[in-house]
Amino acid sequence: MTALKHSAQILLGQLDGFSVEIDEARERADIILHRPPFNVISMPQRDQLRLVFESLDENPTVRVIVLRAQGEHFSSGGDIKGFLEASPEHVSKLAWNIAAPARCSKPVVAVNRGYCFGVGFEISLACDFRLVSETTQYALPEQKLGQIPGSGGSARLQKLIGITRTKDVVMRSRRISGQQAYDWGIATACVVDAELESAADALVDELRKFSPLAQRTAKKLLNDTEDASLTSAIELEGHCYSRLRSSDDFREGVEAFHAKRAAHFVGS
């Protein structure tokens, strides 16, 4: 009998330009870019990153995922030559791959320092939280290549900062500093560069304290209602709230509150 094979088995045989570390004791997984010096993201790497996010989403030992990089730069962007060599079919999947952090049901934290350009910025925008330092520079420089962002960058950015600022960034290939990113609402926090990792650690530990079920529900609700009318969003919020009322975690949360103790959530 021939064993069934999936293309994912081949793709994940050897990770291209990044590694994955799982710390079960801290219920976290780190996806670490490491193609020095600028952590350029290759075409195959995009497929692999999607598959890794999907795998970690199904891993019961992982509560929070951290996307970070080795060195002084998060990523200067994609492999420019790869765009010319890729087939139209492959290019059409770019946005789907880079949206993997948004589709993931678990909280995803991007830790950005130094250059965070092109696809590096786009995949960070698909994460739930972005931590930056004073060294961080965000940019979508595709105009310099006669192109536009192709992995959701301009669309996600416009949702965050509006059309006027997005045109300024995209159409002028303008760089945004870490502090400005925080001031504009792109970044969750801007800290001293030496404190970036400790800020990520603290955020992960904070997120782990909440109900996994409530976290998944909140993330999906917020993502699903981003383009909804206020009436529709409130309606869907009510349905989600109603379902959570019958959960074990909600009962535990209420009992822990009245007993003045820390809640122990199990995700059901």
# chains A, B, ... in the order shown; residues from 1 in each chain; ligands from 1

call {"tool": "residues_around", "arguments": {"residues": "A:His264", "least_positions_apart": "5", "cutoff": "9 Å", "atoms": "only C-alpha atoms", "output": "PyMOL selection string"}}
result
chain A and resi 209-211+249+252-253+256

call {"tool": "closest_atom_pairs", "arguments": {"of": "stretch 145-225 of chain A", "to": "stretch 22-43 of chain A", "cutoff": "8 Å", "atoms": "only C-alpha atoms", "output": "tab-separated table"}}
result
residue	atom	partner	partner_atom	distance
A:Val204	CA	A:Arg28	CA	7.6
A:Asp205	CA	A:Arg26	CA	7.7
A:Arg208	CA	A:Glu27	CA	7.6

call {"tool": "residues_around", "arguments": {"residues": "A:Ala194", "least_positions_apart": "5", "cutoff": "12 Å", "atoms": "only C-alpha atoms", "output": "ChimeraX atom specification"}}
result
/A:72,113,132-135,199-200

call {"tool": "closest_residue", "arguments": {"among": "A:Glu58, A:Asp47, A:Glu122, A:Asp79", "to": "A:Leu12", "atoms": "only C-alpha atoms"}}
result
A:Asp47

call {"tool": "select_by_dssp", "arguments": {"residues": "stretch 7-223 of chain A", "states": "alpha helix (DSSP H)", "output": "NGL selection string"}}
result
:A and (7-11 or 43-57 or 80-85 or 88-91 or 94-98 or 100-103 or 119-125 or 153-171 or 178-184 or 196-208 or 212-223)

call {"tool": "write_last_selection", "arguments": {"atoms": "C-alpha atoms", "output": "short mmCIF file (atom, residue, chain, number, x, y, z; two decimals), in the first residue's frame"}}
result
data_model
loop_
_atom_site.label_atom_id
_atom_site.label_comp_id
_atom_site.auth_asym_id
_atom_site.auth_seq_id
_atom_site.Cartn_x
_atom_site.Cartn_y
_atom_site.Cartn_z
CA SER A 7 3.53 18.71 -0.28
CA ALA A 8 3.80 20.15 3.22
CA GLN A 9 6.04 17.23 4.22
CA ILE A 10 8.55 18.27 1.56
CA LEU A 11 8.25 21.99 2.26
CA MET A 43 9.48 32.69 -1.93
CA PRO A 44 9.64 29.13 -0.49
CA GLN A 45 9.91 30.64 2.98
CA ARG A 46 6.50 32.28 2.60
CA ASP A 47 4.88 28.88 2.02
CA GLN A 48 6.77 27.43 4.96
CA LEU A 49 5.78 30.25 7.30
CA ARG A 50 2.11 29.65 6.48
CA LEU A 51 2.43 25.94 7.18
CA VAL A 52 4.27 26.58 10.45
CA PHE A 53 1.57 28.96 11.67
CA GLU A 54 -1.08 26.38 10.78
CA SER A 55 0.86 23.66 12.60
CA LEU A 56 1.35 25.77 15.72
CA ASP A 57 -2.33 26.69 15.69
CA ILE A 80 13.41 40.70 -5.29
CA LYS A 81 14.75 38.25 -7.88
CA GLY A 82 12.24 35.68 -6.68
CA PHE A 83 9.34 37.82 -7.90
CA LEU A 84 10.57 37.65 -11.50
CA GLU A 85 11.11 33.90 -11.30
CA PRO A 88 1.65 33.97 -11.68
CA GLU A 89 -0.09 31.19 -9.71
CA HIS A 90 2.55 31.31 -6.99
CA VAL A 91 2.46 35.10 -6.80
CA LEU A 94 1.46 35.70 -1.54
CA ALA A 95 -1.23 37.53 0.42
CA TRP A 96 -2.81 34.26 1.60
CA ASN A 97 0.51 33.01 2.98
CA ILE A 98 1.36 36.27 4.72
CA ALA A 100 -1.41 33.24 8.22
CA PRO A 101 -0.87 35.09 11.56
CA ALA A 102 -4.27 36.74 11.21
CA ARG A 103 -6.01 33.43 10.47
CA VAL A 119 6.85 41.61 3.32
CA GLY A 120 8.55 41.97 6.71
CA PHE A 121 6.17 44.82 7.46
CA GLU A 122 3.23 43.03 5.86
CA ILE A 123 3.52 39.87 7.94
CA SER A 124 3.94 42.02 11.06
CA LEU A 125 0.73 43.88 10.16
CA GLY A 153 0.35 45.73 3.26
CA SER A 154 -1.46 48.75 1.86
CA ALA A 155 -4.89 47.30 2.72
CA ARG A 156 -4.03 46.47 6.33
CA LEU A 157 -2.19 49.73 6.85
CA GLN A 158 -5.13 51.76 5.56
CA LYS A 159 -7.39 50.08 8.12
CA LEU A 160 -5.01 51.17 10.87
CA ILE A 161 -4.03 54.72 9.91
CA GLY A 162 -6.47 55.87 7.21
CA ILE A 163 -6.15 56.60 3.51
CA THR A 164 -4.23 59.91 3.76
CA ARG A 165 -1.36 58.55 5.82
CA THR A 166 -1.32 55.28 3.88
CA LYS A 167 -0.96 57.15 0.57
CA ASP A 168 1.89 59.12 2.11
CA VAL A 169 3.65 55.90 3.16
CA VAL A 170 2.92 53.75 0.10
CA MET A 171 3.10 56.27 -2.75
CA GLY A 178 9.14 53.04 15.79
CA GLN A 179 7.93 56.00 17.83
CA GLN A 180 5.81 57.32 14.97
CA ALA A 181 4.37 53.84 14.44
CA TYR A 182 3.28 53.85 18.06
CA ASP A 183 1.89 57.39 17.83
CA TRP A 184 -0.11 56.43 14.74
CA LEU A 196 12.35 44.69 23.45
CA GLU A 197 12.72 41.01 24.35
CA SER A 198 11.65 41.53 27.96
CA ALA A 199 8.59 43.45 26.74
CA ALA A 200 7.71 40.50 24.51
CA ASP A 201 8.20 38.07 27.40
CA ALA A 202 5.92 40.15 29.63
CA LEU A 203 3.21 40.36 26.96
CA VAL A 204 3.32 36.59 26.36
CA ASP A 205 3.01 35.86 30.07
CA GLU A 206 0.12 38.31 30.36
CA LEU A 207 -1.77 36.74 27.44
CA ARG A 208 -1.27 33.25 28.89
CA PRO A 212 -7.71 30.40 25.60
CA LEU A 213 -11.33 30.11 24.51
CA ALA A 214 -12.11 33.75 25.25
CA GLN A 215 -8.91 34.83 23.49
CA ARG A 216 -9.76 32.83 20.36
CA THR A 217 -13.29 34.19 20.40
CA ALA A 218 -12.17 37.80 20.82
CA LYS A 219 -9.62 37.55 18.00
CA LYS A 220 -12.07 36.00 15.55
CA LEU A 221 -14.81 38.44 16.50
CA LEU A 222 -12.57 41.47 15.99
CA ASN A 223 -11.22 40.14 12.69
#

call {"tool": "atom_distance", "arguments": {"atom1": "atom CA of A:Lys93", "atom2": "atom CA of A:Gly150"}}
result
9.7 Å

call {"tool": "closest_residue", "arguments": {"among": "A:Phe265, A:Tyr241, A:Phe18, A:Phe129", "to": "A:Thr188", "atoms": "only C-alpha atoms"}}
result
A:Phe129

call {"tool": "atom_distance", "arguments": {"atom1": "atom CA of A:Glu142", "atom2": "atom CA of A:Val66"}}
result
26.3 Å

call {"tool": "select_by_dssp", "arguments": {"residues": "stretch 93-220 of chain A", "states": "strand (DSSP E)", "output": "VMD selection string"}}
result
chain A and resid 108 to 112 115 to 117 129 to 133 137 to 139 176 to 177 189 to 191

call {"tool": "write_last_selection", "arguments": {"atoms": "N, CA and C atoms", "output": "PDB file, in the first residue's frame"}}
result
ATOM      1  N   VAL A 108      -0.745  36.325  18.286  1.00  0.00           N
ATOM      2  CA  VAL A 108       0.557  36.356  17.619  1.00  0.00           C
ATOM      3  C   VAL A 108       1.197  37.714  17.869  1.00  0.00           C
ATOM      4  N   VAL A 109       2.421  37.685  18.381  1.00  0.00           N
ATOM      5  CA  VAL A 109       3.162  38.906  18.718  1.00  0.00           C
ATOM      6  C   VAL A 109       4.336  39.060  17.766  1.00  0.00           C
ATOM      7  N   ALA A 110       4.418  40.202  17.085  1.00  0.00           N
ATOM      8  CA  ALA A 110       5.566  40.506  16.235  1.00  0.00           C
ATOM      9  C   ALA A 110       6.528  41.396  17.017  1.00  0.00           C
ATOM     10  N   VAL A 111       7.810  41.027  17.013  1.00  0.00           N
ATOM     11  CA  VAL A 111       8.842  41.805  17.694  1.00  0.00           C
ATOM     12  C   VAL A 111       9.726  42.409  16.607  1.00  0.00           C
ATOM     13  N   ASN A 112       9.581  43.720  16.393  1.00  0.00           N
ATOM     14  CA  ASN A 112      10.227  44.387  15.262  1.00  0.00           C
ATOM     15  C   ASN A 112      11.307  45.361  15.710  1.00  0.00           C
ATOM     16  N   TYR A 115      15.280  47.390  10.342  1.00  0.00           N
ATOM     17  CA  TYR A 115      14.495  47.394   9.120  1.00  0.00           C
ATOM     18  C   TYR A 115      13.332  46.404   9.215  1.00  0.00           C
ATOM     19  N   CYS A 116      12.157  46.877   8.855  1.00  0.00           N
ATOM     20  CA  CYS A 116      10.969  46.034   8.761  1.00  0.00           C
ATOM     21  C   CYS A 116      10.233  46.500   7.514  1.00  0.00           C
ATOM     22  N   PHE A 117      10.740  46.063   6.363  1.00  0.00           N
ATOM     23  CA  PHE A 117      10.295  46.575   5.078  1.00  0.00           C
ATOM     24  C   PHE A 117       9.509  45.526   4.299  1.00  0.00           C
ATOM     25  N   PHE A 129      -0.242  41.827  17.721  1.00  0.00           N
ATOM     26  CA  PHE A 129       0.487  42.824  18.496  1.00  0.00           C
ATOM     27  C   PHE A 129       1.833  43.082  17.822  1.00  0.00           C
ATOM     28  N   ARG A 130       2.236  44.352  17.790  1.00  0.00           N
ATOM     29  CA  ARG A 130       3.539  44.721  17.240  1.00  0.00           C
ATOM     30  C   ARG A 130       4.312  45.511  18.287  1.00  0.00           C
ATOM     31  N   LEU A 131       5.427  44.943  18.715  1.00  0.00           N
ATOM     32  CA  LEU A 131       6.300  45.615  19.672  1.00  0.00           C
ATOM     33  C   LEU A 131       7.496  46.164  18.908  1.00  0.00           C
ATOM     34  N   VAL A 132       7.803  47.445  19.113  1.00  0.00           N
ATOM     35  CA  VAL A 132       8.892  48.088  18.376  1.00  0.00           C
ATOM     36  C   VAL A 132       9.831  48.799  19.345  1.00  0.00           C
ATOM     37  N   SER A 133      10.995  49.174  18.817  1.00  0.00           N
ATOM     38  CA  SER A 133      11.948  49.972  19.584  1.00  0.00           C
ATOM     39  C   SER A 133      12.272  51.233  18.801  1.00  0.00           C
ATOM     40  N   GLN A 137      12.242  50.708  11.800  1.00  0.00           N
ATOM     41  CA  GLN A 137      11.811  51.484  10.642  1.00  0.00           C
ATOM     42  C   GLN A 137      10.869  50.626   9.804  1.00  0.00           C
ATOM     43  N   TYR A 138       9.630  51.058   9.702  1.00  0.00           N
ATOM     44  CA  TYR A 138       8.643  50.381   8.864  1.00  0.00           C
ATOM     45  C   TYR A 138       8.613  51.047   7.496  1.00  0.00           C
ATOM     46  N   ALA A 139       8.428  50.260   6.440  1.00  0.00           N
ATOM     47  CA  ALA A 139       8.285  50.830   5.106  1.00  0.00           C
ATOM     48  C   ALA A 139       7.697  49.821   4.140  1.00  0.00           C
ATOM     49  N   ILE A 176       8.632  54.829   8.398  1.00  0.00           N
ATOM     50  CA  ILE A 176       7.987  55.226   9.647  1.00  0.00           C
ATOM     51  C   ILE A 176       8.859  54.743  10.800  1.00  0.00           C
ATOM     52  N   SER A 177       9.216  55.634  11.689  1.00  0.00           N
ATOM     53  CA  SER A 177      10.026  55.252  12.847  1.00  0.00           C
ATOM     54  C   SER A 177       9.175  54.482  13.850  1.00  0.00           C
ATOM     55  N   ALA A 189       3.352  48.920  21.356  1.00  0.00           N
ATOM     56  CA  ALA A 189       4.220  49.596  22.320  1.00  0.00           C
ATOM     57  C   ALA A 189       5.559  49.880  21.662  1.00  0.00           C
ATOM     58  N   CYS A 190       6.196  50.960  22.102  1.00  0.00           N
ATOM     59  CA  CYS A 190       7.546  51.312  21.663  1.00  0.00           C
ATOM     60  C   CYS A 190       8.418  51.403  22.909  1.00  0.00           C
ATOM     61  N   VAL A 191       9.459  50.573  22.952  1.00  0.00           N
ATOM     62  CA  VAL A 191      10.306  50.507  24.135  1.00  0.00           C
ATOM     63  C   VAL A 191      11.765  50.718  23.745  1.00  0.00           C
TER      64      VAL A 191
END

call {"tool": "decode", "arguments": {"residues": "stretch 174-216 of chain A", "atoms": "N, CA and C atoms", "output": "short mmCIF file (atom, residue, chain, number, x, y, z; two decimals), in the first residue's frame"}}
result
data_model
loop_
_atom_site.label_atom_id
_atom_site.label_comp_id
_atom_site.auth_asym_id
_atom_site.auth_seq_id
_atom_site.Cartn_x
_atom_site.Cartn_y
_atom_site.Cartn_z
N ARG A 174 7.74 55.92 1.97
CA ARG A 174 8.20 56.63 3.16
C ARG A 174 8.42 55.68 4.32
N ARG A 175 9.45 55.93 5.09
CA ARG A 175 9.74 55.13 6.28
C ARG A 175 9.06 55.73 7.51
N ILE A 176 8.63 54.83 8.40
CA ILE A 176 7.99 55.23 9.65
C ILE A 176 8.86 54.74 10.80
N SER A 177 9.22 55.63 11.69
CA SER A 177 10.03 55.25 12.85
C SER A 177 9.17 54.48 13.85
N GLY A 178 9.85 53.79 14.76
CA GLY A 178 9.14 53.04 15.79
C GLY A 178 8.24 53.93 16.62
N GLN A 179 8.73 55.09 17.02
CA GLN A 179 7.93 56.00 17.83
C GLN A 179 6.72 56.51 17.06
N GLN A 180 6.93 56.85 15.77
CA GLN A 180 5.81 57.32 14.97
C GLN A 180 4.79 56.20 14.76
N ALA A 181 5.27 54.98 14.59
CA ALA A 181 4.37 53.84 14.44
C ALA A 181 3.49 53.69 15.67
N TYR A 182 4.07 53.91 16.83
CA TYR A 182 3.28 53.85 18.06
C TYR A 182 2.29 55.01 18.13
N ASP A 183 2.76 56.20 17.79
CA ASP A 183 1.89 57.39 17.83
C ASP A 183 0.72 57.26 16.87
N TRP A 184 0.94 56.59 15.74
CA TRP A 184 -0.11 56.43 14.74
C TRP A 184 -1.02 55.24 15.01
N GLY A 185 -0.69 54.42 15.97
CA GLY A 185 -1.52 53.27 16.29
C GLY A 185 -1.16 52.02 15.52
N ILE A 186 0.02 52.00 14.89
CA ILE A 186 0.47 50.79 14.20
C ILE A 186 1.08 49.82 15.20
N ALA A 187 1.88 50.34 16.11
CA ALA A 187 2.58 49.52 17.09
C ALA A 187 1.81 49.50 18.41
N THR A 188 1.87 48.37 19.09
CA THR A 188 1.23 48.23 20.40
C THR A 188 2.02 48.97 21.46
N ALA A 189 3.35 48.92 21.36
CA ALA A 189 4.22 49.60 22.32
C ALA A 189 5.56 49.88 21.66
N CYS A 190 6.20 50.96 22.10
CA CYS A 190 7.55 51.31 21.66
C CYS A 190 8.42 51.40 22.91
N VAL A 191 9.46 50.57 22.95
CA VAL A 191 10.31 50.51 24.13
C VAL A 191 11.76 50.72 23.74
N VAL A 192 12.61 50.91 24.74
CA VAL A 192 14.05 50.99 24.51
C VAL A 192 14.50 49.67 23.90
N ASP A 193 15.41 49.73 22.93
CA ASP A 193 15.77 48.54 22.18
C ASP A 193 16.24 47.40 23.08
N ALA A 194 16.97 47.72 24.13
CA ALA A 194 17.49 46.68 25.02
C ALA A 194 16.37 45.99 25.80
N GLU A 195 15.18 46.60 25.83
CA GLU A 195 14.06 46.04 26.58
C GLU A 195 13.03 45.36 25.69
N LEU A 196 13.33 45.23 24.39
CA LEU A 196 12.35 44.69 23.45
C LEU A 196 11.99 43.24 23.78
N GLU A 197 12.99 42.41 24.04
CA GLU A 197 12.72 41.01 24.35
C GLU A 197 11.97 40.85 25.66
N SER A 198 12.34 41.64 26.67
CA SER A 198 11.65 41.53 27.96
C SER A 198 10.21 42.01 27.84
N ALA A 199 9.97 42.99 26.97
CA ALA A 199 8.59 43.45 26.74
C ALA A 199 7.77 42.35 26.08
N ALA A 200 8.40 41.62 25.16
CA ALA A 200 7.71 40.50 24.51
C ALA A 200 7.42 39.40 25.52
N ASP A 201 8.39 39.09 26.38
CA ASP A 201 8.20 38.07 27.40
C ASP A 201 7.03 38.43 28.32
N ALA A 202 6.98 39.69 28.72
CA ALA A 202 5.92 40.15 29.63
C ALA A 202 4.56 40.05 28.96
N LEU A 203 4.49 40.42 27.68
CA LEU A 203 3.21 40.36 26.96
C LEU A 203 2.75 38.91 26.81
N VAL A 204 3.67 38.01 26.49
CA VAL A 204 3.32 36.59 26.36
C VAL A 204 2.77 36.06 27.68
N ASP A 205 3.46 36.36 28.76
CA ASP A 205 3.01 35.86 30.07
C ASP A 205 1.66 36.45 30.46
N GLU A 206 1.42 37.70 30.08
CA GLU A 206 0.12 38.31 30.36
C GLU A 206 -0.99 37.61 29.57
N LEU A 207 -0.75 37.37 28.29
CA LEU A 207 -1.77 36.74 27.44
C LEU A 207 -2.09 35.33 27.90
N ARG A 208 -1.08 34.63 28.44
CA ARG A 208 -1.27 33.25 28.89
C ARG A 208 -2.23 33.16 30.08
N LYS A 209 -2.42 34.23 30.80
CA LYS A 209 -3.26 34.21 31.98
C LYS A 209 -4.75 34.19 31.64
N PHE A 210 -5.09 34.56 30.41
CA PHE A 210 -6.49 34.64 30.03
C PHE A 210 -7.00 33.30 29.52
N SER A 211 -8.29 33.20 29.39
CA SER A 211 -8.91 31.99 28.87
C SER A 211 -8.56 31.81 27.39
N PRO A 212 -8.01 30.65 27.02
CA PRO A 212 -7.71 30.40 25.60
C PRO A 212 -8.97 30.51 24.74
N LEU A 213 -10.08 30.06 25.26
CA LEU A 213 -11.33 30.11 24.51
C LEU A 213 -11.79 31.55 24.31
N ALA A 214 -11.71 32.35 25.36
CA ALA A 214 -12.11 33.75 25.25
C ALA A 214 -11.17 34.51 24.33
N GLN A 215 -9.88 34.17 24.37
CA GLN A 215 -8.91 34.83 23.49
C GLN A 215 -9.21 34.50 22.02
N ARG A 216 -9.45 33.22 21.73
CA ARG A 216 -9.76 32.83 20.36
C ARG A 216 -11.04 33.53 19.87
#
